[in-house]
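Asker: Next comes the structure file input.cif, holding mmCIF, C-alpha atoms and all ligand atoms.
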data_my_file
loop_
_atom_site.label_atom_id
_atom_site.label_comp_id
_atom_site.auth_asym_id
_atom_site.auth_seq_id
_atom_site.Cartn_x
_atom_site.Cartn_y
_atom_site.Cartn_z
CA MET A 25 -23.56 65.60 -21.45
CA HIS A 26 -22.25 62.45 -23.13
CA ASN A 27 -19.30 62.00 -25.39
CA LEU A 28 -18.79 65.55 -26.59
CA GLU A 29 -16.23 64.63 -29.19
CA ARG A 30 -18.62 62.19 -30.87
CA GLU A 31 -21.56 64.53 -30.53
CA VAL A 32 -19.84 67.32 -32.41
CA ASP A 33 -18.23 65.10 -35.04
CA ASP A 34 -21.26 62.97 -35.80
CA MET A 35 -23.91 65.66 -35.51
CA PRO A 36 -22.70 68.72 -37.39
CA ASP A 37 -26.02 70.47 -36.74
CA ALA A 38 -25.78 70.10 -32.94
CA ASP A 39 -26.88 73.43 -31.54
CA THR A 40 -24.13 75.03 -29.52
CA SER A 41 -25.41 78.57 -30.15
CA GLU A 42 -26.36 78.94 -26.48
CA THR A 43 -23.05 77.52 -25.27
CA PRO A 44 -20.53 80.22 -24.38
CA SER A 45 -17.34 80.53 -26.42
CA PHE A 46 -14.09 79.98 -24.59
CA PRO A 47 -11.69 81.58 -23.66
CA PHE A 48 -13.77 84.35 -22.12
CA PRO A 49 -12.17 87.73 -22.74
CA ARG A 50 -10.75 89.72 -19.84
CA THR A 51 -12.21 93.21 -19.87
CA CYS A 52 -10.19 94.64 -17.00
CA PRO A 53 -6.55 93.91 -16.19
CA PHE A 54 -7.39 93.59 -12.49
CA SER A 55 -10.02 90.88 -12.56
CA PRO A 56 -10.64 87.56 -14.27
CA PRO A 57 -13.55 87.26 -16.72
CA ALA A 58 -16.87 87.83 -14.91
CA GLU A 59 -18.28 84.64 -16.51
CA TYR A 60 -16.41 82.50 -13.97
CA ALA A 61 -18.24 84.03 -10.99
CA ARG A 62 -21.56 83.73 -12.84
CA LEU A 63 -21.09 80.04 -13.73
CA ARG A 64 -19.51 78.78 -10.47
CA PRO A 65 -22.63 78.70 -8.26
CA VAL A 66 -25.09 77.56 -10.93
CA GLU A 67 -23.09 75.24 -13.16
CA PRO A 68 -19.62 74.63 -11.69
CA MET A 69 -18.83 72.14 -14.45
CA SER A 70 -20.18 73.77 -17.58
CA GLU A 71 -19.95 73.27 -21.30
CA VAL A 72 -18.03 75.73 -23.48
CA VAL A 73 -17.38 75.95 -27.22
CA LEU A 74 -13.78 76.16 -28.36
CA GLN A 75 -11.95 77.71 -31.29
CA ASN A 76 -12.35 74.58 -33.42
CA GLY A 77 -16.12 74.30 -32.81
CA ARG A 78 -15.75 71.42 -30.39
CA THR A 79 -17.01 71.56 -26.84
CA ALA A 80 -15.20 70.94 -23.56
CA TRP A 81 -15.94 71.07 -19.86
CA LEU A 82 -14.98 74.13 -17.86
CA ALA A 83 -14.33 73.71 -14.12
CA THR A 84 -14.69 76.89 -12.05
CA ARG A 85 -14.70 75.62 -8.46
CA HIS A 86 -11.43 75.36 -6.54
CA GLU A 87 -12.06 71.81 -5.30
CA ASP A 88 -13.01 70.55 -8.77
CA VAL A 89 -10.00 72.21 -10.41
CA ARG A 90 -7.63 70.57 -7.92
CA ALA A 91 -9.38 67.20 -8.20
CA LEU A 92 -9.10 67.30 -11.98
CA LEU A 93 -5.49 68.49 -12.13
CA SER A 94 -4.38 65.78 -9.71
CA HIS A 95 -6.39 62.99 -11.35
CA PRO A 96 -4.07 60.28 -12.69
CA ALA A 97 -6.35 59.24 -15.59
CA THR A 98 -5.84 62.44 -17.59
CA SER A 99 -3.64 63.42 -20.51
CA SER A 100 -1.75 66.65 -21.12
CA ASN A 101 -0.96 65.74 -24.70
CA ARG A 102 -1.74 68.83 -26.76
CA ALA A 103 -1.78 66.67 -29.90
CA HIS A 104 -4.71 64.58 -28.63
CA PRO A 105 -7.73 65.36 -30.86
CA SER A 106 -9.86 66.13 -27.80
CA PHE A 107 -7.35 68.40 -26.09
CA PRO A 108 -9.24 71.68 -25.55
CA ALA A 109 -8.25 74.01 -28.37
CA THR A 110 -7.84 77.37 -26.67
CA VAL A 111 -6.02 78.37 -29.85
CA ALA A 112 -6.95 76.67 -33.13
CA ASP A 113 -3.53 75.04 -33.59
CA ILE A 114 -3.10 73.85 -29.98
CA GLY A 115 -1.35 70.69 -31.26
CA VAL A 116 1.75 72.68 -32.16
CA PHE A 117 2.51 72.85 -28.40
CA ALA A 118 3.08 69.08 -28.37
CA GLN A 119 6.71 69.71 -29.31
CA LYS A 120 9.26 67.01 -28.66
CA GLY A 121 10.84 67.68 -25.25
CA PHE A 122 7.86 69.71 -23.98
CA LEU A 123 7.25 68.38 -20.46
CA LEU A 124 4.00 70.31 -20.43
CA SER A 125 2.59 68.01 -23.09
CA MET A 126 4.01 64.68 -21.85
CA ASP A 127 2.16 61.96 -19.98
CA ALA A 128 3.29 59.22 -17.61
CA PRO A 129 5.65 57.45 -17.62
CA ASP A 130 7.73 59.73 -19.93
CA HIS A 131 6.74 62.85 -18.04
CA ALA A 132 8.05 61.58 -14.70
CA LEU A 133 11.24 60.30 -16.30
CA HIS A 134 12.13 63.60 -17.95
CA ARG A 135 10.92 65.83 -15.12
CA ARG A 136 13.22 63.91 -12.75
CA MET A 137 16.18 64.82 -14.97
CA VAL A 138 15.67 68.50 -14.22
CA THR A 139 13.92 68.90 -10.82
CA SER A 140 17.22 69.17 -8.92
CA GLU A 141 17.96 72.35 -10.91
CA PHE A 142 14.92 74.17 -9.49
CA THR A 143 14.78 73.14 -5.82
CA ALA A 144 14.31 75.87 -3.21
CA ASN A 145 17.95 75.42 -2.10
CA ARG A 146 19.30 75.69 -5.60
CA ILE A 147 17.31 78.84 -6.27
CA ARG A 148 18.37 80.35 -2.92
CA ARG A 149 21.95 80.20 -4.18
CA LEU A 150 20.94 82.21 -7.27
CA ARG A 151 19.41 85.03 -5.24
CA PRO A 152 22.57 87.19 -4.96
CA ARG A 153 22.93 87.12 -8.76
CA ILE A 154 19.22 87.91 -9.26
CA GLN A 155 19.66 90.83 -6.83
CA GLU A 156 22.58 92.14 -8.94
CA ILE A 157 20.53 91.88 -12.13
CA VAL A 158 17.61 93.74 -10.55
CA ASP A 159 19.94 96.40 -9.12
CA GLU A 160 21.50 97.00 -12.53
CA CYS A 161 18.07 97.46 -14.12
CA VAL A 162 16.87 99.82 -11.39
CA THR A 163 20.09 101.85 -11.67
CA GLY A 164 19.45 102.12 -15.41
CA ILE A 165 15.94 103.42 -14.74
CA LEU A 166 17.21 105.96 -12.19
CA GLU A 167 19.81 107.19 -14.66
CA ARG A 168 17.03 108.21 -17.03
CA GLY A 169 16.22 110.99 -14.55
CA ALA A 170 13.10 111.96 -12.61
CA GLY A 171 9.96 113.14 -14.39
CA ARG A 172 10.63 111.18 -17.60
CA PRO A 173 8.27 108.28 -18.46
CA VAL A 174 9.94 104.86 -18.56
CA ASP A 175 8.41 101.67 -19.94
CA LEU A 176 8.92 99.26 -17.06
CA VAL A 177 8.25 96.22 -19.29
CA GLN A 178 11.35 96.96 -21.41
CA GLU A 179 13.54 98.28 -18.62
CA LEU A 180 12.84 95.78 -15.84
CA SER A 181 10.07 93.20 -16.29
CA LEU A 182 11.51 91.53 -19.39
CA PRO A 183 15.25 91.92 -18.71
CA VAL A 184 15.25 90.41 -15.19
CA PRO A 185 13.73 86.98 -15.95
CA SER A 186 15.30 86.88 -19.43
CA LEU A 187 18.83 87.42 -18.13
CA ALA A 188 18.24 85.05 -15.20
CA ILE A 189 16.99 82.19 -17.40
CA CYS A 190 19.73 82.82 -20.00
CA GLU A 191 22.43 82.53 -17.35
CA LEU A 192 20.79 79.47 -15.84
CA LEU A 193 20.51 77.71 -19.19
CA GLY A 194 23.76 78.96 -20.73
CA VAL A 195 22.03 80.91 -23.52
CA PRO A 196 23.83 84.11 -24.62
CA TYR A 197 21.80 87.12 -23.46
CA ASP A 198 22.50 89.04 -26.66
CA THR A 199 20.03 86.69 -28.39
CA ARG A 200 17.16 88.04 -26.28
CA SER A 201 15.47 90.12 -28.97
CA VAL A 202 15.14 86.93 -31.04
CA PHE A 203 13.65 84.66 -28.38
CA GLN A 204 11.49 87.38 -26.83
CA LYS A 205 9.95 88.14 -30.24
CA HIS A 206 9.25 84.47 -31.05
CA THR A 207 7.81 83.83 -27.58
CA GLU A 208 5.40 86.69 -28.04
CA VAL A 209 4.23 85.21 -31.35
CA LEU A 210 3.74 81.76 -29.76
CA LEU A 211 1.52 83.13 -27.03
CA ASP A 212 -0.38 85.81 -28.95
CA ARG A 213 -3.89 84.53 -29.62
CA ALA A 214 -4.01 86.53 -32.85
CA SER A 215 -1.01 84.66 -34.35
CA THR A 216 -1.83 82.40 -37.28
CA PRO A 217 -0.82 78.72 -37.27
CA ALA A 218 1.87 79.63 -39.82
CA ASP A 219 3.23 82.37 -37.51
CA ARG A 220 3.40 79.94 -34.61
CA GLN A 221 4.98 77.21 -36.71
CA HIS A 222 7.62 79.68 -37.87
CA ALA A 223 8.31 80.90 -34.32
CA PHE A 224 8.75 77.34 -33.05
CA GLY A 225 10.97 76.49 -36.03
CA ALA A 226 13.19 79.48 -35.36
CA LEU A 227 13.46 78.74 -31.63
CA ARG A 228 14.27 75.08 -32.26
CA GLU A 229 16.89 75.98 -34.82
CA PHE A 230 18.56 78.51 -32.56
CA LEU A 231 18.53 76.30 -29.47
CA GLY A 232 19.41 73.20 -31.51
CA GLU A 233 22.65 74.93 -32.55
CA LEU A 234 23.29 75.80 -28.92
CA VAL A 235 22.80 72.18 -27.85
CA VAL A 236 25.26 70.99 -30.54
CA SER A 237 27.83 73.48 -29.29
CA LYS A 238 27.40 72.25 -25.68
CA GLU A 239 27.98 68.66 -26.82
CA THR A 240 31.57 69.50 -27.71
CA GLU A 241 32.22 72.52 -25.47
CA PRO A 242 30.17 72.08 -22.32
CA ASP A 243 30.01 74.86 -19.74
CA ASP A 244 28.64 74.63 -16.21
CA ALA A 245 25.11 75.80 -17.11
CA LEU A 246 21.90 73.78 -17.26
CA VAL A 247 21.77 72.82 -20.95
CA SER A 248 25.28 71.33 -20.73
CA ARG A 249 24.38 69.54 -17.52
CA LEU A 250 21.36 68.03 -19.27
CA VAL A 251 23.52 66.87 -22.17
CA VAL A 252 25.86 65.12 -19.70
CA LYS A 253 23.03 63.66 -17.62
CA TYR A 254 21.15 62.20 -20.60
CA ARG A 255 24.38 60.80 -22.03
CA GLU A 256 25.26 59.17 -18.73
CA ALA A 257 21.79 57.65 -18.56
CA GLY A 258 22.32 56.32 -22.10
CA VAL A 259 19.18 58.08 -23.42
CA TYR A 260 20.67 61.15 -25.10
CA ASP A 261 18.43 62.66 -27.76
CA ARG A 262 19.40 66.02 -29.23
CA GLU A 263 15.89 66.83 -30.46
CA LEU A 264 14.47 66.21 -27.02
CA ILE A 265 17.06 68.36 -25.21
CA THR A 266 16.42 71.10 -27.76
CA GLY A 267 12.68 71.03 -27.01
CA PHE A 268 13.40 71.02 -23.31
CA ALA A 269 15.56 74.12 -23.71
CA VAL A 270 12.88 75.85 -25.83
CA LEU A 271 10.25 75.22 -23.14
CA LEU A 272 12.48 76.42 -20.30
CA LEU A 273 13.49 79.55 -22.18
CA VAL A 274 9.93 80.44 -23.22
CA ALA A 275 8.28 79.58 -19.88
CA GLY A 276 11.17 81.05 -17.93
CA HIS A 277 10.87 84.67 -19.02
CA GLU A 278 7.46 85.67 -20.40
CA THR A 279 5.35 84.48 -17.43
CA THR A 280 7.50 86.15 -14.79
CA ALA A 281 7.83 89.31 -16.88
CA ASN A 282 4.06 89.68 -16.98
CA MET A 283 3.79 89.05 -13.25
CA ILE A 284 6.41 91.70 -12.49
CA SER A 285 4.53 94.34 -14.50
CA LEU A 286 1.08 93.42 -13.23
CA GLY A 287 2.23 93.27 -9.61
CA VAL A 288 3.88 96.68 -9.84
CA ALA A 289 0.71 98.13 -11.40
CA ALA A 290 -1.49 96.58 -8.70
CA LEU A 291 0.69 97.83 -5.85
CA LEU A 292 0.99 101.34 -7.30
CA ARG A 293 -2.78 101.38 -7.63
CA GLU A 294 -3.19 100.68 -3.90
CA PRO A 295 -0.51 102.75 -2.11
CA ALA A 296 -1.62 101.75 1.43
CA LYS A 297 -0.91 98.10 0.62
CA LEU A 298 2.38 98.98 -1.02
CA ALA A 299 3.37 100.96 2.11
CA ARG A 300 2.90 97.83 4.22
CA ILE A 301 5.51 95.88 2.30
CA THR A 302 7.97 98.75 1.99
CA GLU A 303 7.75 99.26 5.77
CA ASP A 304 8.03 95.56 6.51
CA PRO A 305 9.72 93.51 3.74
CA SER A 306 9.00 90.31 5.68
CA LEU A 307 5.48 90.69 4.23
CA THR A 308 6.76 90.51 0.63
CA PRO A 309 6.71 86.70 0.19
CA GLY A 310 3.04 86.61 1.30
CA ALA A 311 2.26 89.57 -0.97
CA VAL A 312 3.86 87.73 -3.91
CA GLU A 313 1.62 84.69 -3.34
CA GLU A 314 -1.42 86.96 -3.20
CA ILE A 315 -0.43 88.80 -6.39
CA LEU A 316 0.02 85.42 -8.09
CA ARG A 317 -3.44 84.32 -6.92
CA TYR A 318 -5.07 87.64 -7.78
CA PHE A 319 -3.89 87.71 -11.40
CA SER A 320 -3.62 83.96 -12.14
CA ILE A 321 -2.00 84.82 -15.45
CA VAL A 322 -1.71 81.20 -16.60
CA ASP A 323 -5.42 80.57 -16.47
CA TYR A 324 -6.54 78.03 -19.07
CA PRO A 325 -3.40 76.18 -20.26
CA THR A 326 -4.27 73.92 -17.30
CA ALA A 327 -6.44 71.78 -19.58
CA ARG A 328 -6.47 68.01 -20.05
CA VAL A 329 -8.26 65.08 -21.70
CA ALA A 330 -9.98 62.49 -19.47
CA LEU A 331 -8.63 58.99 -20.10
CA GLU A 332 -11.42 57.33 -18.14
CA ASP A 333 -14.76 58.51 -16.78
CA ILE A 334 -14.24 61.02 -13.97
CA GLU A 335 -16.99 62.03 -11.51
CA VAL A 336 -16.51 65.63 -10.54
CA GLY A 337 -18.68 68.59 -9.55
CA GLY A 338 -21.88 66.61 -10.03
CA VAL A 339 -21.14 65.49 -13.61
CA THR A 340 -19.30 62.67 -15.33
CA VAL A 341 -16.48 63.76 -17.57
CA ARG A 342 -16.40 60.85 -19.98
CA ALA A 343 -13.24 59.17 -21.22
CA GLY A 344 -12.12 61.08 -24.31
CA GLU A 345 -13.64 64.41 -23.28
CA GLY A 346 -11.54 67.50 -22.80
CA PHE A 347 -11.72 69.84 -19.84
CA ILE A 348 -10.27 73.17 -18.77
CA ALA A 349 -9.48 73.47 -15.07
CA SER A 350 -9.41 77.25 -14.86
CA ALA A 351 -6.72 78.50 -12.48
CA ALA A 352 -8.17 82.02 -12.35
CA ALA A 353 -11.66 80.70 -11.57
CA ALA A 354 -10.31 78.41 -8.83
CA ASN A 355 -8.23 81.22 -7.33
CA HIS A 356 -11.27 83.49 -7.23
CA ASP A 357 -13.58 80.94 -5.61
CA GLY A 358 -15.01 82.88 -2.67
CA GLN A 359 -15.56 79.67 -0.69
CA VAL A 360 -11.79 79.33 -0.39
CA PHE A 361 -10.56 82.91 -0.79
CA PRO A 362 -13.16 85.22 0.75
CA ASP A 363 -13.70 88.48 -1.11
CA PRO A 364 -11.51 87.14 -3.95
CA GLY A 365 -11.48 90.36 -5.98
CA GLU A 366 -9.70 92.14 -3.14
CA LEU A 367 -5.89 92.23 -3.26
CA ASP A 368 -5.30 91.30 0.38
CA ILE A 369 -1.56 90.93 0.90
CA GLY A 370 -2.02 89.44 4.37
CA ARG A 371 -4.51 86.73 3.41
CA ASN A 372 -3.96 82.99 3.66
CA THR A 373 -3.25 81.99 0.06
CA SER A 374 -2.36 78.39 0.72
CA GLY A 375 -3.82 76.07 -1.87
CA HIS A 376 -3.79 78.65 -4.68
CA VAL A 377 -3.22 77.15 -8.11
CA ALA A 378 -1.45 80.00 -9.90
CA PHE A 379 1.40 77.55 -10.60
CA GLY A 380 -1.00 74.74 -11.47
CA PHE A 381 -1.42 71.61 -9.36
CA GLY A 382 -0.46 67.94 -9.57
CA VAL A 383 2.38 66.39 -11.51
CA HIS A 384 2.64 69.25 -14.03
CA ALA A 385 2.78 72.00 -11.37
CA CYS A 386 5.20 74.69 -12.44
CA LEU A 387 8.78 73.52 -12.44
CA GLY A 388 10.13 77.08 -12.21
CA GLN A 389 7.95 78.32 -9.34
CA ASN A 390 10.83 78.80 -6.87
CA LEU A 391 12.72 80.82 -9.43
CA ALA A 392 9.66 82.94 -10.25
CA ARG A 393 9.00 83.62 -6.56
CA ALA A 394 12.61 84.67 -5.95
CA GLU A 395 12.54 87.05 -8.92
CA LEU A 396 9.24 88.61 -7.90
CA GLU A 397 10.25 89.10 -4.27
CA ILE A 398 13.57 90.69 -5.17
CA VAL A 399 12.04 92.96 -7.82
CA TYR A 400 9.22 94.29 -5.63
CA ASP A 401 11.50 94.86 -2.62
CA THR A 402 14.24 96.55 -4.61
CA LEU A 403 12.16 98.67 -6.96
CA PHE A 404 9.97 100.34 -4.33
CA ARG A 405 12.84 100.76 -1.85
CA ARG A 406 15.11 102.44 -4.41
CA ILE A 407 12.42 104.48 -6.17
CA PRO A 408 9.94 105.31 -3.39
CA LYS A 409 8.20 107.97 -5.48
CA LEU A 410 7.46 105.62 -8.38
CA ARG A 411 4.02 106.19 -9.91
CA LEU A 412 1.98 105.20 -12.95
CA VAL A 413 1.84 107.67 -15.84
CA SER A 414 -1.74 106.72 -16.88
CA PRO A 415 -4.76 105.54 -14.91
CA PRO A 416 -4.30 101.82 -14.13
CA GLU A 417 -7.55 100.84 -15.87
CA GLU A 418 -6.12 102.16 -19.16
CA ILE A 419 -3.07 99.88 -19.16
CA PRO A 420 -2.98 98.08 -22.56
CA PHE A 421 -3.23 94.34 -21.91
CA LYS A 422 -2.55 91.35 -24.14
CA ASP A 423 -4.96 88.83 -25.58
CA ALA A 424 -2.50 86.04 -25.04
CA THR A 425 -2.42 82.51 -23.68
CA VAL A 426 -0.48 83.93 -20.75
CA PHE A 427 -2.19 87.10 -19.53
CA GLY A 428 -0.01 90.20 -19.38
CA ILE A 429 0.54 93.78 -20.37
CA HIS A 430 2.36 95.29 -23.33
CA ARG A 431 3.70 98.44 -21.69
CA LEU A 432 3.75 99.98 -18.25
CA GLU A 433 4.71 103.61 -18.25
CA VAL A 434 6.02 104.79 -14.90
CA THR A 435 7.77 107.89 -13.63
CA TRP A 436 8.84 109.37 -10.29
C1 LIG B 1 5.08 83.77 -12.33
C2 LIG B 1 5.56 83.00 -13.24
C3 LIG B 1 5.00 81.65 -13.65
C4 LIG B 1 3.72 81.20 -13.64
C5 LIG B 1 2.47 81.94 -13.20
C6 LIG B 1 3.76 79.83 -14.14
C7 LIG B 1 2.65 78.99 -14.25
C8 LIG B 1 2.69 77.68 -14.64
C9 LIG B 1 1.55 76.78 -14.64
C10 LIG B 1 0.13 77.15 -14.25
C11 LIG B 1 2.00 75.56 -15.06
C12 LIG B 1 1.16 74.27 -15.17
C13 LIG B 1 0.63 74.01 -16.55
C14 LIG B 1 -0.24 72.77 -16.62
O1 LIG B 1 -0.63 72.19 -15.61
O2 LIG B 1 -0.57 72.35 -17.76
C15 LIG B 1 3.42 75.69 -15.34
C16 LIG B 1 4.22 74.67 -15.81
C17 LIG B 1 5.55 74.82 -16.11
N1 LIG B 1 6.34 75.94 -15.89
FE1 LIG B 1 5.73 77.69 -15.06
N2 LIG B 1 5.05 79.51 -14.45
C18 LIG B 1 5.85 80.58 -14.14
C19 LIG B 1 7.23 80.66 -14.26
C20 LIG B 1 8.03 79.67 -14.76
C21 LIG B 1 9.46 79.75 -14.86
C22 LIG B 1 10.33 80.92 -14.40
C23 LIG B 1 9.87 78.60 -15.46
C24 LIG B 1 11.30 78.22 -15.83
C25 LIG B 1 12.11 77.63 -15.57
C26 LIG B 1 8.71 77.76 -15.69
C27 LIG B 1 8.71 76.51 -16.26
C28 LIG B 1 7.60 75.67 -16.32
C29 LIG B 1 7.66 74.31 -16.87
C30 LIG B 1 8.87 73.64 -17.47
C31 LIG B 1 6.37 73.79 -16.74
C32 LIG B 1 5.90 72.40 -17.17
C33 LIG B 1 6.02 71.45 -16.01
C34 LIG B 1 5.51 70.07 -16.31
O3 LIG B 1 4.76 69.87 -17.26
O4 LIG B 1 5.90 69.14 -15.57
N3 LIG B 1 7.61 78.45 -15.25
N4 LIG B 1 3.82 76.98 -15.06
#
As structure tokens, how would this structure be written, given the file I've shared?
Answerer:
Amino acid sequence: MHNLEREVDDMPDADTSETPSFPFPRTCPFSPPAEYARLRPVEPMSEVVLQNGRTAWLATRHEDVRALLSHPATSSNRAHPSFPATVADIGVFAQKGFLLSMDAPDHALHRRMVTSEFTANRIRRLRPRIQEIVDECVTGILERGAGRPVDLVQELSLPVPSLAICELLGVPYDTRSVFQKHTEVLLDRASTPADRQHAFGALREFLGELVVSKETEPDDALVSRLVVKYREAGVYDRELITGFAVLLLVAGHETTANMISLGVAALLREPAKLARITEDPSLTPGAVEEILRYFSIVDYPTARVALEDIEVGGVTVRAGEGFIASAAAANHDGQVFPDPGELDIGRNTSGHVAFGFGVHACLGQNLARAELEIVYDTLFRRIPKLRLVSPPEEIPFKDATVFGIHRLEVTW
């Protein structure tokens, strides 16, 4: 393959009818699209057609995904014309202040401003408060009484990370219905560009007002600390801090919420595995890593544009071509994770890329891990008879940029 961008632009009749459309749909909540396993051995770097009719490379092998995500000559800029359009209006994610979409040297500069907020030590100090939040939610569920169905998404999965990120940022929790609704619109693949534009506009307006209020009345939460830090560095920019806050709020609740629900569903589906962690909670951190690998809910946002020719997986990704380094495909590469479709809570998961890899690797991963560990330990210890109301295969899942489920009815 040569310069894909030019091929498609200059040759409107180029035949891509045989080229598979991407993203591939998930047909079962418990496994990634089967296409990944089919392509990996025969064409580990393959061509796919995107929403906008352009083509991009798809990497499905673990070693290629890591090589690509750690390659310095790549761009994360969602506004780049060759950035793989996994939704038609992908460019809208190049919001000012969105680390996710920044390149060097700006990316390193702004990431450094916030890394100290998410270190393992810092998050360890938040654990008692996360435990309190989880306990309050579980008490609320227990108060509903046995034998009554409860939607775990509304009662636990969404509230825990939403309240945690609100407290961390200094965002009032009573605004949750607003930001949860807009986040859902941003990530829903069925949203129109106008819907997404509106959702971003509303989030920026709401958080912009918050930033203004912290300029004059700072508290001891993260947004205020950012205001102070940027002012001290002499580079304060309200629009940028607003975008930063939008990204942290959006990324900080929806991803973890989906992981909580999916992990609970997976463990309830396999009671023998669940029993191992309830009998020995020291196994929970390993189980969390495995659940992250198994679902790989942030699968294809790990996309980039090559800024120079890159040799990988037996092909040359030419400068200016886009590629998707699929996290779910990498995490289900049987060469690295034997029997990858098996949820094996004791396996060695080191090297998984559920939080991405390279300079853009998830900033909030320590927070997400702490929330998941505390939720799984607390929920199954306090409600040992918890069970799913419907068969797990019938759980309604989302066609969204971040994979997840809409509802999870449980009872006990
Ligand atoms: C289980 C939950 C989570 C998963 C699976 C997840 C996954 C990811 C992945 C795969 C990336 C890399 C994207 C790329 O390379 O383009 C990423 C980046 C990011 N995540 Fe998370 N994430 C989770 C939770 C969180 C939380 C709780 C926060 C909040 C604080 C957060 C904030 C971010 C930010 C700010 C970035 C961009 C980092 C950068 O570009 O330097 N994430 N996440």
Asker: Once 5 Å is added on each side, what are the centre and the three edge lengths, in Å to one decimal, of the axis-aligned box enclosing the listed atoms of region 46-54 of chain A? Present them as lines of an AutoDock Vina configuration file.
Answerer:
center_x = -10.3
center_y = 87.3
center_z = -18.5
size_x = 17.5
size_y = 24.7
size_z = 22.1
Asker: With only C-alpha atoms as the counted atoms, please give the residues lying no more than 10 Å from Leu410 (chain A), apart from itself and same-chain residues fewer than 6 positions off, as a ChimeraX atom specification.
Answerer: /A:170-171,288,292,403-404,434-436
Asker: When distances are computed from all atoms listed in the file, which of A:Glu141, A:Glu71, A:Glu294, A:Glu332 shows the smallest separation from ligand LIG 1 (chain B)?
Answerer: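 That would be A:Glu141, the residue with the smallest distance to ligand LIG 1 (chain B).
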Asker: Taking all atoms listed in the file into account, which residues have an atom no farther than 6 Å from ligand LIG 1 (chain B)? I'd like them as a PyMOL selection string.
Answerer: chain A and resi 123-124+272+275-277+279-280+283+321-322+325-326+378-380+384-389+391-392
Asker: Report, in Å to a single decimal, how far apart CA of Asp323 (chain A) and CA of Thr425 (chain A) are.
Answerer: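 Value for the CA of Thr425 (chain A)-CA of Asp323 (chain A) distance: 8.0 Å.
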Asker: Skipping near chain neighbours, those fewer than 2 positions away, what residues fall within 8 Å of Pro416 (chain A) using all atoms listed in the file, listed as a VMD selection string?
Answerer: chain A and resid 289 293 412 414 418 to 419
Asker: Distance CA of His222 (chain A)-CA of Arg200 (chain A), one decimal place?
Answerer: 17.2 Å
Asker: Just how far from CA of Ala188 (chain A) is CA of Arg153 (chain A), in Å to one decimal?
Answerer: 8.2 Å
Asker: Could you please give me, as a ChimeraX atom specification, the residues of protein, DNA or RNA lying at most 10 Å from (-5.4, 79.7, -8.0) in the coordinate frame of the file, considering all atoms listed in the file?
Answerer: /A:86,89-90,313-314,316-323,350-357,360-361,373-381
Asker: Hey, what's within 9 Å of Ile407 (chain A) if we count only C-alpha atoms and toss same-chain stuff fewer than 5 positions away? As number ranges by chain, please?
Answerer: A: 162, 166, 402, 436
Asker: With C-alpha atoms retained, could you export that selection as a JSON list (two decimals), in the coordinates of the input?
Answerer:
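Saved to part_11.json:
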[["chain", "number", "residue", "atom", "x", "y", "z"],
["A", 162, "VAL", "CA", 16.87, 99.82, -11.39],
["A", 166, "LEU", "CA", 17.21, 105.96, -12.19],
["A", 402, "THR", "CA", 14.24, 96.55, -4.61],
["A", 436, "TRP", "CA", 8.84, 109.37, -10.29]]
Asker: Tell me, as a PyMOL selection string, which residues lie within 12 Å of Tyr197 (chain A), counting all atoms listed in the file; anything in the same chain fewer than 3 positions away does not count.
Answerer: chain A and resi 182-194+200-204+273
Asker: Quick one: residues within 9 Å of Pro49 (chain A), all atoms listed in the file, excluding same-chain residues fewer than 4 positions away - as a VMD selection string?
Answerer: chain A and resid 56 to 57 423
